[in-house]
file entry.txt (compact mmCIF, C-alpha atoms)
# COMPACT_ATOMS: atom_id res chain seq x y z
CA MET A 1 5.80 5.47 -23.36
CA GLU A 2 9.35 4.39 -22.63
CA LYS A 3 11.85 3.71 -25.41
CA SER A 4 14.81 1.35 -25.34
CA GLY A 5 17.00 -0.58 -27.75
CA VAL A 6 16.35 -4.31 -27.69
CA PHE A 7 18.37 -7.00 -29.45
CA GLY A 8 18.94 -5.13 -32.67
CA VAL A 9 15.28 -4.36 -33.42
CA GLY A 10 15.78 -0.64 -32.79
CA GLU A 11 13.70 1.41 -30.42
CA VAL A 12 10.99 -0.39 -28.50
CA GLU A 13 8.17 1.71 -27.07
CA SER A 14 6.88 0.38 -23.76
CA VAL A 15 3.14 0.79 -23.15
CA SER A 16 1.25 -0.20 -19.98
CA VAL A 17 -2.51 -0.37 -19.36
CA THR A 18 -4.92 -1.97 -16.90
CA GLU A 19 -7.05 -4.91 -17.97
CA GLY A 20 -10.32 -3.80 -19.56
CA GLU A 21 -8.93 -0.52 -20.90
CA SER A 22 -8.37 0.29 -24.58
CA VAL A 23 -4.91 1.12 -25.90
CA THR A 24 -3.65 2.69 -29.13
CA LEU A 25 -0.24 1.75 -30.53
CA ASN A 26 0.53 4.94 -32.41
CA LEU A 27 2.30 4.45 -35.71
CA ASP A 28 5.10 6.88 -36.58
CA ILE A 29 3.67 8.16 -39.85
CA THR A 30 6.97 9.89 -40.70
CA LYS A 31 8.43 6.41 -41.26
CA THR A 32 5.63 5.12 -43.49
CA GLN A 33 5.78 5.01 -47.28
CA GLU A 34 3.37 4.06 -49.99
CA GLY A 35 2.19 0.50 -49.93
CA GLU A 36 0.91 -1.84 -47.27
CA LEU A 37 1.61 -1.96 -43.54
CA ILE A 38 1.58 -5.25 -41.68
CA TRP A 39 0.90 -5.54 -37.93
CA ARG A 40 2.19 -8.61 -36.08
CA PHE A 41 1.82 -9.82 -32.50
CA GLU A 42 4.75 -12.05 -31.49
CA GLN A 43 5.39 -12.48 -35.25
CA ILE A 44 1.75 -13.55 -35.88
CA LEU A 45 -0.16 -11.54 -38.51
CA ILE A 46 -3.06 -9.64 -36.88
CA ALA A 47 -3.80 -6.68 -39.24
CA THR A 48 -2.91 -4.98 -42.52
CA PHE A 49 -3.33 -1.40 -43.70
CA ASN A 50 -3.13 -0.05 -47.25
CA ILE A 51 -1.76 3.48 -47.10
CA GLN A 52 -2.87 4.49 -50.62
CA ASN A 53 -6.45 3.24 -50.38
CA ASN A 54 -6.80 3.79 -46.62
CA GLU A 55 -8.16 0.25 -46.37
CA SER A 56 -7.63 -1.98 -43.36
CA GLU A 57 -8.18 -5.62 -42.52
CA CYS A 58 -8.04 -7.18 -39.05
CA HIS A 59 -7.14 -10.86 -38.70
CA ASP A 60 -8.59 -11.17 -35.22
CA ASN A 61 -9.08 -14.93 -35.33
CA THR A 62 -5.34 -15.54 -35.27
CA ALA A 63 -3.18 -15.81 -32.14
CA GLY A 64 -5.63 -18.20 -30.53
CA GLY A 65 -8.56 -15.85 -31.00
CA ARG A 66 -7.42 -13.53 -28.21
CA PHE A 67 -8.05 -10.47 -30.41
CA ARG A 68 -11.52 -11.45 -31.64
CA ASP A 69 -13.72 -8.30 -31.92
CA ARG A 70 -11.02 -6.25 -30.22
CA LEU A 71 -8.89 -4.88 -33.09
CA GLU A 72 -9.26 -1.61 -35.00
CA LEU A 73 -7.01 0.51 -37.23
CA ASP A 74 -7.33 4.30 -37.39
CA GLN A 75 -6.84 6.52 -40.48
CA ASN A 76 -3.05 6.51 -39.98
CA GLY A 77 -2.76 2.74 -39.57
CA SER A 78 -2.26 2.87 -35.79
CA LEU A 79 -3.49 -0.25 -34.00
CA ILE A 80 -6.28 0.02 -31.42
CA ILE A 81 -6.95 -2.86 -29.00
CA THR A 82 -10.21 -2.60 -27.06
CA ASN A 83 -11.17 -4.32 -23.81
CA THR A 84 -7.62 -5.54 -23.21
CA THR A 85 -6.75 -8.64 -21.20
CA THR A 86 -3.47 -9.92 -19.77
CA GLN A 87 -3.27 -12.23 -22.83
CA HIS A 88 -2.52 -9.17 -24.95
CA THR A 89 0.81 -8.61 -23.19
CA GLY A 90 3.71 -9.01 -25.64
CA LEU A 91 5.63 -7.51 -28.56
CA TYR A 92 3.82 -5.81 -31.44
CA GLY A 93 5.58 -4.87 -34.66
CA VAL A 94 4.52 -3.01 -37.79
CA TYR A 95 6.37 -3.73 -41.05
CA ASN A 96 6.26 -2.71 -44.68
CA ARG A 97 5.99 -5.07 -47.66
CA SER A 98 9.77 -5.46 -47.67
CA ASP A 99 9.51 -6.75 -44.10
CA ILE A 100 11.38 -3.74 -42.79
CA ASN A 101 10.44 -2.85 -39.26
CA ILE A 102 8.79 0.55 -38.76
CA ASN A 103 7.75 0.39 -35.10
CA ILE A 104 8.05 -2.09 -32.23
CA PHE A 105 5.86 -1.88 -29.11
CA SER A 106 6.13 -3.79 -25.84
CA LEU A 107 2.64 -3.86 -24.35
CA THR A 108 2.04 -4.87 -20.73
CA VAL A 109 -1.54 -5.37 -19.58
CA TYR A 110 -1.85 -5.50 -15.79
CA ALA A 111 -4.71 -7.28 -14.08
CA ARG A 112 -7.10 -5.11 -12.08
CA LEU A 113 -6.02 -4.79 -8.47
CA PRO A 114 -8.40 -5.99 -5.76
CA VAL A 115 -9.05 -3.87 -2.68
CA PRO A 116 -7.09 -5.35 0.27
CA VAL A 117 -9.08 -6.82 3.15
CA ILE A 118 -7.94 -6.37 6.76
CA ILE A 119 -9.11 -8.84 9.41
CA SER A 120 -8.16 -9.66 12.97
CA ASP A 121 -5.80 -12.61 13.42
CA SER A 122 -7.83 -14.02 16.29
CA VAL A 123 -5.70 -17.17 16.65
CA LYS A 124 -2.48 -15.23 17.12
CA SER A 125 -4.19 -12.59 19.26
CA SER A 126 -5.52 -15.20 21.68
CA SER A 127 -2.11 -16.81 22.05
CA SER A 128 -0.20 -13.54 22.34
CA SER A 129 1.67 -13.04 25.59
CA SER A 130 0.87 -9.34 25.59
CA GLU A 131 -2.68 -8.32 26.48
CA GLN A 132 -2.04 -4.96 24.84
CA SER A 133 -1.16 -6.25 21.32
CA CYS A 134 -3.51 -6.55 18.36
CA SER A 135 -2.64 -8.98 15.53
CA LEU A 136 -3.97 -8.21 12.05
CA VAL A 137 -3.82 -9.80 8.59
CA CYS A 138 -4.19 -7.95 5.28
CA SER A 139 -5.08 -10.20 2.32
CA VAL A 140 -5.67 -10.08 -1.44
CA VAL A 141 -6.54 -12.81 -3.94
CA ASN A 142 -5.62 -13.60 -7.54
CA VAL A 143 -2.73 -11.18 -8.05
CA SER A 144 0.62 -11.17 -9.86
CA ASP A 145 3.50 -8.76 -10.37
CA VAL A 146 2.57 -6.67 -7.33
CA THR A 147 4.08 -5.10 -4.23
CA PHE A 148 2.13 -5.66 -1.00
CA SER A 149 2.83 -3.33 1.92
CA TRP A 150 1.87 -2.01 5.35
CA TYR A 151 2.35 1.74 5.85
CA LYS A 152 2.33 3.71 9.09
CA GLY A 153 1.34 7.13 7.83
CA ASN A 154 3.76 7.75 4.94
CA TYR A 155 6.40 5.42 6.41
CA LEU A 156 6.85 2.00 4.79
CA PHE A 157 6.50 -0.43 7.70
CA SER A 158 6.79 -3.79 5.91
CA SER A 159 6.58 -5.01 2.32
CA ILE A 160 6.78 -8.03 0.03
CA LYS A 161 7.09 -8.17 -3.78
CA MET A 162 5.63 -11.00 -5.83
CA SER A 163 6.04 -11.56 -9.57
CA ASP A 164 4.34 -14.94 -9.87
CA PHE A 165 0.58 -15.44 -9.78
CA ASN A 166 -0.78 -15.92 -6.26
CA ILE A 167 -4.25 -17.22 -5.45
CA SER A 168 -3.94 -15.70 -1.98
CA LEU A 169 -1.41 -13.25 -0.56
CA SER A 170 -1.28 -12.17 3.10
CA LEU A 171 0.78 -9.78 5.19
CA ARG A 172 0.62 -9.71 8.99
CA LEU A 173 0.89 -6.77 11.39
CA GLU A 174 0.97 -6.53 15.17
CA ILE A 175 0.22 -3.22 16.84
CA GLU A 176 -0.21 -1.95 20.38
CA CYS A 177 -3.89 -1.22 21.13
CA LEU A 178 -5.87 1.20 18.97
CA ASP A 179 -3.88 2.89 16.19
CA ASP A 180 -5.55 4.05 12.95
CA SER A 181 -2.37 5.40 11.35
CA TYR A 182 -1.75 2.13 9.46
CA SER A 183 -2.87 1.30 5.90
CA CYS A 184 -2.49 -1.75 3.67
CA VAL A 185 -1.48 -1.04 0.05
CA ILE A 186 -1.18 -3.22 -3.04
CA ASN A 187 0.33 -1.73 -6.18
CA ASN A 188 1.79 -2.52 -9.58
CA PRO A 189 3.80 -0.11 -11.75
CA ILE A 190 0.69 1.84 -12.85
CA ARG A 191 -2.03 1.40 -10.21
CA ASN A 192 -2.56 0.95 -6.46
CA GLN A 193 -5.34 0.05 -4.04
CA THR A 194 -5.35 1.11 -0.39
CA GLN A 195 -7.29 -0.08 2.65
CA HIS A 196 -7.03 2.07 5.78
CA LEU A 197 -7.07 0.35 9.16
CA ASN A 198 -10.06 0.92 11.42
CA SER A 199 -8.59 -0.44 14.63
CA THR A 200 -11.67 0.32 16.72
CA GLU A 201 -13.51 -2.46 14.85
CA LEU A 202 -10.68 -5.01 15.01
CA CYS A 203 -8.71 -4.33 18.21
CA GLN A 204 -9.56 -4.30 21.90
CA PRO A 205 -9.46 -0.92 23.68
CA CYS A 206 -6.24 -0.10 25.49
CA PRO A 207 -6.17 -1.14 29.19
CA GLU A 208 -6.64 1.77 31.60
CA THR A 209 -3.07 1.31 32.78
CA LEU A 210 -1.88 2.43 29.39
CA HIS A 211 -3.31 5.90 30.07
CA CYS A 212 -0.87 6.43 32.94
CA CYS A 213 0.84 9.73 33.37
CA GLY A 214 3.98 10.69 31.51
CA PHE A 215 7.45 10.94 33.03
CA THR A 216 7.21 14.65 33.95
CA GLU A 217 3.81 14.23 35.55
CA ALA A 218 5.03 11.20 37.47
CA VAL A 219 7.96 13.21 38.89
CA ILE A 220 5.63 16.04 39.94
CA ARG A 221 3.31 13.58 41.69
CA LEU A 222 6.26 11.99 43.46
CA VAL A 223 7.53 15.38 44.69
CA LEU A 224 4.08 16.40 45.89
CA SER A 225 3.71 13.11 47.74
CA ALA A 226 7.08 13.68 49.40
CA LEU A 227 6.10 17.22 50.43
CA VAL A 228 2.85 15.95 51.91
CA GLY A 229 4.80 13.33 53.82
CA VAL A 230 7.27 15.92 55.15
CA ALA A 231 4.38 18.19 56.17
CA ALA A 232 2.70 15.32 58.02
CA VAL A 233 5.91 14.50 59.92
CA ALA A 234 6.42 18.18 60.78
CA PHE A 235 2.86 18.46 62.06
CA LEU A 236 3.26 15.33 64.16
CA PHE A 237 6.56 16.63 65.60
CA TYR A 238 4.92 19.97 66.42
CA ASP A 239 1.98 18.26 68.08
CA ILE A 240 4.23 16.06 70.24
CA THR A 241 6.42 19.03 71.23
CA SER A 242 3.39 21.15 72.13
CA ARG A 243 1.99 18.40 74.34
CA ARG A 244 5.31 18.02 76.16
CA LEU A 245 5.54 21.80 76.77
CA GLN A 246 2.00 21.85 78.12
CA GLN A 247 2.76 18.93 80.45
CA LYS A 248 5.94 20.67 81.66
CA LYS A 249 4.06 23.91 82.38
CA SER A 250 1.32 22.04 84.22
CA LEU A 251 3.94 20.29 86.40
CA GLN A 252 5.67 23.58 87.23
CA THR A 253 2.34 25.19 88.19
CA SER A 254 1.48 22.32 90.55
CA GLN A 255 4.89 22.56 92.25
CA SER A 256 4.53 26.37 92.82
CA HIS A 257 1.14 25.90 94.51
CA THR A 258 2.62 23.27 96.84
CA ASP A 259 5.39 25.64 97.94
call {"tool": "encode", "arguments": {"input": "entry.txt", "output": "structure tokens"}}
result
Amino acid sequence: MEKSGVFGVGEVESVSVTEGESVTLNLDITKTQEGELIWRFEQILIATFNIQNNESECHDNTAGGRFRDRLELDQNGSLIITNTTTQHTGLYGVYNRSDININIFSLTVYARLPVPVIISDSVKSSSSSSEQSCSLVCSVVNVSDVTFSWYKGNYLFSSIKMSDFNISLSLRLEIECLDDSYSCVINNPIRNQTQHLNSTELCQPCPETLHCCGFTEAVIRLVLSALVGVAAVAFLFYDITSRRLQQKKSLQTSQSHTD
């Protein structure tokens, strides 16, 4: 829980849960006295607790019925909300009979996060000028107050943050050939969902030309080719010289026989 002073109401304890979970707003029993405790949601009465008799009453039909069959009070008067929904987000206060505030809670209920879906952006891929690129789209539906991101390993590659409700949210990515180091992540302040990229299912294999040698290997091949060329020239020069020497010797031999 986080505590902060808000507009003269004293310390406000911030509590966050995911939709569907139960949450307990723990009453500071050191501040309670004899008498009755009153719980309010956004100033609407939702429960009362008698400290002396240990008796409780939940008014769960108030506040538009959003708390129906979801409210409980424990032996200390702490408020328990079961099966929470985003409609339970708001300020909760507990007061004594003199209307003096004992505790204030700011509850935030986050919607469950969907698992992102990664598909191939076939339209963009077909119109791409590079035959080596692979265009992808990561999507989620029905989200609010989230950050939506592409990661390459642990490195944040691209990201968008949305506070308003979105029926559909998409984030594009273009990579070179097969690369499974990317992942698509959606998160809120307390949860995240991750989908890892399986590029072998969505991208075309790299062209053979992409498996070309590196710079060092290319230099070595070039030097070897040059050496082979020099050797071939040397052999040709030797062959021509040898033939000329043989012809010269044959001519000299013929002349000596004539004499």
call {"tool": "closest_atom_pairs", "arguments": {"input": "entry.txt", "of": "range 70-113 of chain A", "to": "range 35-50 of chain A", "cutoff": "10 Å", "atoms": "only C-alpha atoms", "output": "Markdown table"}}
result
| residue | atom | partner | partner_atom | distance |
| --- | --- | --- | --- | --- |
| A:Leu71 | CA | A:Ala47 | CA | 8.2 |
| A:Glu72 | CA | A:Ala47 | CA | 8.6 |
| A:Leu73 | CA | A:Phe49 | CA | 7.7 |
| A:Asp74 | CA | A:Phe49 | CA | 9.4 |
| A:Gln75 | CA | A:Phe49 | CA | 9.2 |
| A:Asn76 | CA | A:Phe49 | CA | 8.7 |
| A:Gly77 | CA | A:Phe49 | CA | 5.9 |
| A:Ser78 | CA | A:Phe49 | CA | 9.1 |
| A:Leu79 | CA | A:Trp39 | CA | 7.9 |
| A:His88 | CA | A:Phe41 | CA | 8.7 |
| A:Thr89 | CA | A:Phe41 | CA | 9.4 |
| A:Gly90 | CA | A:Glu42 | CA | 6.7 |
| A:Leu91 | CA | A:Glu42 | CA | 5.5 |
| A:Tyr92 | CA | A:Phe41 | CA | 4.6 |
| A:Gly93 | CA | A:Arg40 | CA | 5.2 |
| A:Val94 | CA | A:Trp39 | CA | 4.4 |
| A:Tyr95 | CA | A:Ile38 | CA | 5.1 |
| A:Asn96 | CA | A:Leu37 | CA | 4.8 |
| A:Arg97 | CA | A:Glu36 | CA | 6.0 |
| A:Ser98 | CA | A:Glu36 | CA | 9.6 |
| A:Asp99 | CA | A:Ile38 | CA | 8.4 |
| A:Ile100 | CA | A:Leu37 | CA | 10.0 |
| A:Asn101 | CA | A:Ile38 | CA | 9.5 |
| A:Ile102 | CA | A:Leu37 | CA | 9.0 |
| A:Asn103 | CA | A:Trp39 | CA | 9.5 |
| A:Ile104 | CA | A:Arg40 | CA | 9.6 |
| A:Phe105 | CA | A:Phe41 | CA | 9.5 |
| A:Ser106 | CA | A:Phe41 | CA | 10.0 |
call {"tool": "atom_distance", "arguments": {"input": "entry.txt", "atom1": "CA of Val15 in chain A", "atom2": "CA of Asn142 in chain A"}}
result
23.0 Å
call {"tool": "residues_around", "arguments": {"input": "entry.txt", "residues": "range 182-184 of chain A", "least_positions_apart": "3", "cutoff": "7 Å", "atoms": "only C-alpha atoms", "output": "list in words"}}
result
Pro116, Cys138, Ser149, Trp150, Tyr151, Lys152, Gly153, Thr194, Gln195, His196 and Leu197 of chain A
call {"tool": "closest_residue", "arguments": {"input": "entry.txt", "among": "A:Met162, A:Leu202, A:Val141, A:Ile51", "to": "Asp121 in chain A", "atoms": "only C-alpha atoms"}}
result
A:Leu202
call {"tool": "closest_residue", "arguments": {"input": "entry.txt", "among": "A:Thr108, A:Thr86, A:Asn61, A:Asn54", "to": "Ile190 in chain A", "atoms": "only C-alpha atoms"}}
result
A:Thr108
call {"tool": "residues_around", "arguments": {"input": "entry.txt", "residues": "Ile186 in chain A", "least_positions_apart": "3", "cutoff": "10 Å", "atoms": "all atoms listed in the file", "output": "list in words"}}
result
Leu113, Pro114, Val115, Pro116, Ser139, Val140, Val143, Val146, Thr147, Phe148, Ser149, Trp150, Ser159, Ile160, Lys161, Arg191, Asn192, Gln193, Thr194 and Gln195 of chain A
